[in-house]
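*Asks:* First, the structure itself, so that you have it in front of you.
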Amino acid sequence: MAKIIGGITTSHIPLIGKAIAEGSQQTPYWKPFFDAYPPIHAWLDEEQPDVAIVFYNDHGLEFFLDKKPTFAIGAAEEYHNADEGWGINTIPPIKGAPELSWHICNQLVENEFDITICQEMKVDHGLTVPMQLMWPNNSYGHMKVIPVCINVEQHPMPSPKRCFDMGKALGDAIRSFDKDLKVVILGTGGLSHQLDGERAGFINTEFDRYCMDKIISEPEALTKLSIRDLIIEAGSQGPELILWLGMRGALSNNLEVLHSNYHYPISNTGAGTMLIQEQQL
């Protein structure tokens with residue numbers, strides 16, 4: 001049977017991709033951020049997962065404001081990046097895992113989650129930046145990836161609880177898949193940031209650290225928050241926490257945090273990075 005070996009949280013700020021392209025990782029501005037990732041690289045090299053499930057949000061490349069699914073899951077053979085206008089390089093195609101994708105989609109629909117199933121799908125920096133961070137120099141050719149895209153751009157957005165519950169159902173679906181696969185779950189985005197309006201540049205470090213604690217010890221506390229709560233506490237882009245809650249829902253409660261880092265401001269964002277290992281019974 002497939003098994004989930006752990007979860008990883010990471011920012012997906014587009015400027016990270018530009019820093020990678022320019023080789024700026026060890027400059028004073030970027031070094032405290034990029035220094036969080038070598039322990040994750042070592043863990044991935046040791047564990048050698050077969051599939052990465054990536055919770056992210058699309059920023060207008062595949063889904064614009066005229067068509068915005070609440071939950072969209074890729075079921076393609078491969079996924080292509082495209083120019084988003086940020087001045088960041090596109091990356092080579094990413095392999096899909098359509099058999100597992102269809103299994104997950106069937107299970108989610110049976111559990112009454114209404115999802116959009118994408119047999120063709122472009123992926124933007126919400127997914128490509130985490131891929132570059134986890135597998136430097138585009139060394140992800142051995143990996144299969146399932147994109148799980150959640151609406152975090154246009155109201156109404158799914159609640160933290162709904163995303164956590166969807167993650168639970170997705171985790172159950174993975175564990176019921178009758179093939180020996182090792183799966184890692186990525187929750188991307190956040191933490192607190194506001195890129196527009198009167199509070200542009202707003203960062204709430206106290207709330208960010210609270211979320212990094214509760215995502216492990218008491219995720220149910222975060223599910224009691226509303227989207228409005230997240231905007232108030234973490235800025236207009238703060239609802240990206242629901243992507244972390246999707247990841248956390250897929251995991252068990254038998255977890256060990258192997259590595260954790262928090263740094264700000266990177267592109268006016270509080271960036272939380274965590275490596276969470278499932279303790280296999």
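Going through the structure tokens in order, the chains are called A, B, and so on, while each chain numbers its residues from 1 and the ligands are numbered from 1 in the order shown.
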For segment 141-157 of chain A, find every residue with an atom within 7 Å (counting only C-alpha atoms), except residues of its own chain fewer than 4 positions away, and show them as a list in words.
*Replies:*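 Non-adjacent residues within range: Asp50, Val51, Ala52, Ile53, Val54, Phe55, Tyr56, Asn57, Asp58, Leu65, Lys68, Pro69, Thr70, Phe71, Ala72, Ile73, Gly74, Ile94, Lys95, Gly96, Ala97, Ser101, Pro239 and Glu240 of chain A.
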*Asks:* Mind writing the picked residues with N, CA, C and O atoms as a short mmCIF file (atom, residue, chain, number, x, y, z; two decimals), in the first residue's frame?
*Replies:*
data_model
loop_
_atom_site.label_atom_id
_atom_site.label_comp_id
_atom_site.auth_asym_id
_atom_site.auth_seq_id
_atom_site.Cartn_x
_atom_site.Cartn_y
_atom_site.Cartn_z
N ASP A 50 8.48 8.70 -3.90
CA ASP A 50 8.11 8.47 -5.29
C ASP A 50 7.21 9.55 -5.84
O ASP A 50 7.25 9.87 -7.03
N VAL A 51 6.36 10.10 -4.97
CA VAL A 51 5.34 11.06 -5.39
C VAL A 51 5.30 12.22 -4.41
O VAL A 51 5.42 12.03 -3.19
N ALA A 52 5.15 13.43 -4.95
CA ALA A 52 4.91 14.62 -4.12
C ALA A 52 3.52 15.15 -4.44
O ALA A 52 3.18 15.38 -5.60
N ILE A 53 2.70 15.29 -3.40
CA ILE A 53 1.41 15.96 -3.52
C ILE A 53 1.65 17.41 -3.10
O ILE A 53 2.09 17.67 -1.98
N VAL A 54 1.36 18.37 -3.98
CA VAL A 54 1.68 19.76 -3.70
C VAL A 54 0.39 20.58 -3.59
O VAL A 54 -0.32 20.79 -4.58
N PHE A 55 0.08 21.03 -2.37
CA PHE A 55 -1.01 21.97 -2.15
C PHE A 55 -0.50 23.38 -2.47
O PHE A 55 0.47 23.84 -1.86
N TYR A 56 -1.15 24.05 -3.39
CA TYR A 56 -0.72 25.39 -3.79
C TYR A 56 -1.94 26.16 -4.30
O TYR A 56 -3.05 25.63 -4.35
N ASN A 57 -1.72 27.43 -4.64
CA ASN A 57 -2.78 28.20 -5.28
C ASN A 57 -2.27 28.80 -6.58
O ASN A 57 -1.11 29.19 -6.68
N ASP A 58 -3.13 28.83 -7.57
CA ASP A 58 -2.79 29.39 -8.87
C ASP A 58 -3.05 30.90 -8.84
O ASP A 58 -4.05 31.37 -8.30
N LEU A 65 -9.83 35.01 -12.73
CA LEU A 65 -10.98 35.34 -11.91
C LEU A 65 -12.31 34.96 -12.55
O LEU A 65 -13.32 34.85 -11.86
N LYS A 68 -12.76 30.07 -11.46
CA LYS A 68 -11.93 29.82 -10.27
C LYS A 68 -12.51 28.66 -9.48
O LYS A 68 -13.39 28.82 -8.63
N PRO A 69 -12.04 27.42 -9.74
CA PRO A 69 -12.53 26.27 -8.96
C PRO A 69 -12.06 26.36 -7.51
O PRO A 69 -10.98 26.87 -7.22
N THR A 70 -12.89 25.86 -6.62
CA THR A 70 -12.51 25.83 -5.22
C THR A 70 -11.38 24.84 -4.99
O THR A 70 -10.37 25.17 -4.36
N PHE A 71 -11.54 23.63 -5.50
CA PHE A 71 -10.50 22.60 -5.44
C PHE A 71 -10.27 22.06 -6.84
O PHE A 71 -11.23 21.65 -7.51
N ALA A 72 -9.03 22.06 -7.31
CA ALA A 72 -8.69 21.48 -8.61
C ALA A 72 -7.50 20.55 -8.43
O ALA A 72 -6.51 20.91 -7.76
N ILE A 73 -7.60 19.36 -9.01
CA ILE A 73 -6.54 18.36 -8.86
C ILE A 73 -6.07 17.92 -10.25
O ILE A 73 -6.88 17.63 -11.13
N GLY A 74 -4.77 17.88 -10.44
CA GLY A 74 -4.22 17.46 -11.71
C GLY A 74 -4.24 15.95 -11.86
O GLY A 74 -3.94 15.21 -10.93
N ILE A 94 7.11 18.75 -15.49
CA ILE A 94 7.03 17.96 -14.26
C ILE A 94 6.17 16.74 -14.54
O ILE A 94 5.07 16.86 -15.10
N LYS A 95 6.65 15.57 -14.15
CA LYS A 95 5.91 14.34 -14.39
C LYS A 95 4.69 14.24 -13.48
O LYS A 95 4.76 14.59 -12.30
N GLY A 96 3.60 13.73 -14.03
CA GLY A 96 2.41 13.49 -13.23
C GLY A 96 2.35 12.05 -12.73
O GLY A 96 3.19 11.22 -13.05
N ALA A 97 1.32 11.78 -11.96
CA ALA A 97 1.05 10.43 -11.43
C ALA A 97 -0.43 10.15 -11.65
O ALA A 97 -1.21 10.08 -10.69
N SER A 101 -3.60 9.92 -9.10
CA SER A 101 -4.49 11.08 -9.16
C SER A 101 -5.95 10.65 -9.31
O SER A 101 -6.83 11.15 -8.59
N PRO A 239 -4.80 34.06 3.95
CA PRO A 239 -5.56 32.82 3.79
C PRO A 239 -4.79 31.67 3.14
O PRO A 239 -5.29 30.54 3.14
N GLU A 240 -3.60 31.93 2.62
CA GLU A 240 -2.80 30.80 2.10
C GLU A 240 -2.52 29.76 3.17
O GLU A 240 -2.11 28.63 2.84
#
*Asks:* Of the candidates A:Asp35, A:Glu62, A:Glu47, A:Glu99, which one gets nearest to Asp178 of chain A if we count only C-alpha atoms?
*Replies:*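 Between A:Asp35, A:Glu62, A:Glu47, A:Glu99, the residue approaching Asp178 of chain A most closely is A:Glu99.
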*Asks:* Identify all residues of segment 32-269 of chain A in helix (DSSP H, G or I) (DSSP on the backbone) and supply them as a count of residues only.
*Replies:* 94
*Asks:* Out of A:Leu127, A:Ala76, A:Ala36, A:Ile117, which residue has the shortest atom-to-atom distance to Gly17 of chain A when counting only C-alpha atoms?
*Replies:*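 For Gly17 of chain A, the nearest of the candidates is A:Leu127.
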*Asks:* Please measure the separation of atom CA of Trp244 of chain A and atom CA of Thr90 of chain A, giving the value in Å to one decimal.
*Replies:*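 For atom CA of Trp244 of chain A relative to atom CA of Thr90 of chain A, the distance reads 24.7 Å.
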*Asks:* Identify which of the residues A:Arg162, A:Lys224, A:Lys168, A:Arg199 lies closest to Gln237 of chain A, counting only C-alpha atoms when measuring atom-to-atom distances.
*Replies:*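 Result for the nearest residue to Gln237 of chain A: A:Arg199.
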*Asks:* Applying 12 Å and only C-alpha atoms, which residues near Lys161 of chain A remain after dropping the ones on its own chain fewer than 2 positions away? List them as a ChimeraX atom specification.
*Replies:* /A:157-159,163-168,219-227,241-246,248-249
*Asks:* Tell me, as a ChimeraX atom specification, which residues lie within 10 Å of segment 44-46 of chain A, counting only C-alpha atoms; anything in the same chain fewer than 6 positions away does not count.
*Replies:* /A:38,134-135,184
*Asks:* I'd like to know which of A:Ser267, A:Asn253, A:Asn89, A:Ser176 is closest to Lys3 of chain A, using only C-alpha atoms.
*Replies:*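 Of A:Ser267, A:Asn253, A:Asn89, A:Ser176, the one nearest Lys3 of chain A, counting only C-alpha atoms, is A:Ser176.
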*Asks:* Neighbouring residues of Ala2 of chain A were defined as those with any atom within 9 Å, considering only C-alpha atoms; residues of the same chain fewer than 6 positions away were excluded. Please report them as a PyMOL selection string.
*Replies:* chain A and resi 174-183
*Asks:* How many Å separate atom CA of Ser24 of chain A from atom CA of Tyr262 of chain A?
*Replies:*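 Computing it gives 19.2 Å between the two atoms.
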*Asks:* Tell me which protein, DNA and RNA residues are within 12 Å of Glu233 of chain A, counting only C-alpha atoms, leaving out same-chain ones fewer than 2 positions away, and put them as a count of residues only.
*Replies:* 27
*Asks:* Report the residues of segment 31-235 of chain A whose backbone DSSP state falls under strand (DSSP E), written as JSON, numbers by chain.
*Replies:* {"A": [51, 52, 53, 54, 55, 56, 71, 72, 73, 74, 78, 79, 94, 95, 96, 116, 117, 118, 144, 145, 146, 147, 148, 149, 150, 182, 183, 184, 185, 186, 187, 188]}
*Asks:* Considering only C-alpha atoms, return as a list of chain:residue names whatever protein or nucleic-acid residues lie within 8 Å of Pro93 of chain A, sequence-local ones (same chain, fewer than 5 positions apart) excluded.
*Replies:*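 The contact residues come out as A:Glu78, A:Tyr79, A:His80, A:Asn81.
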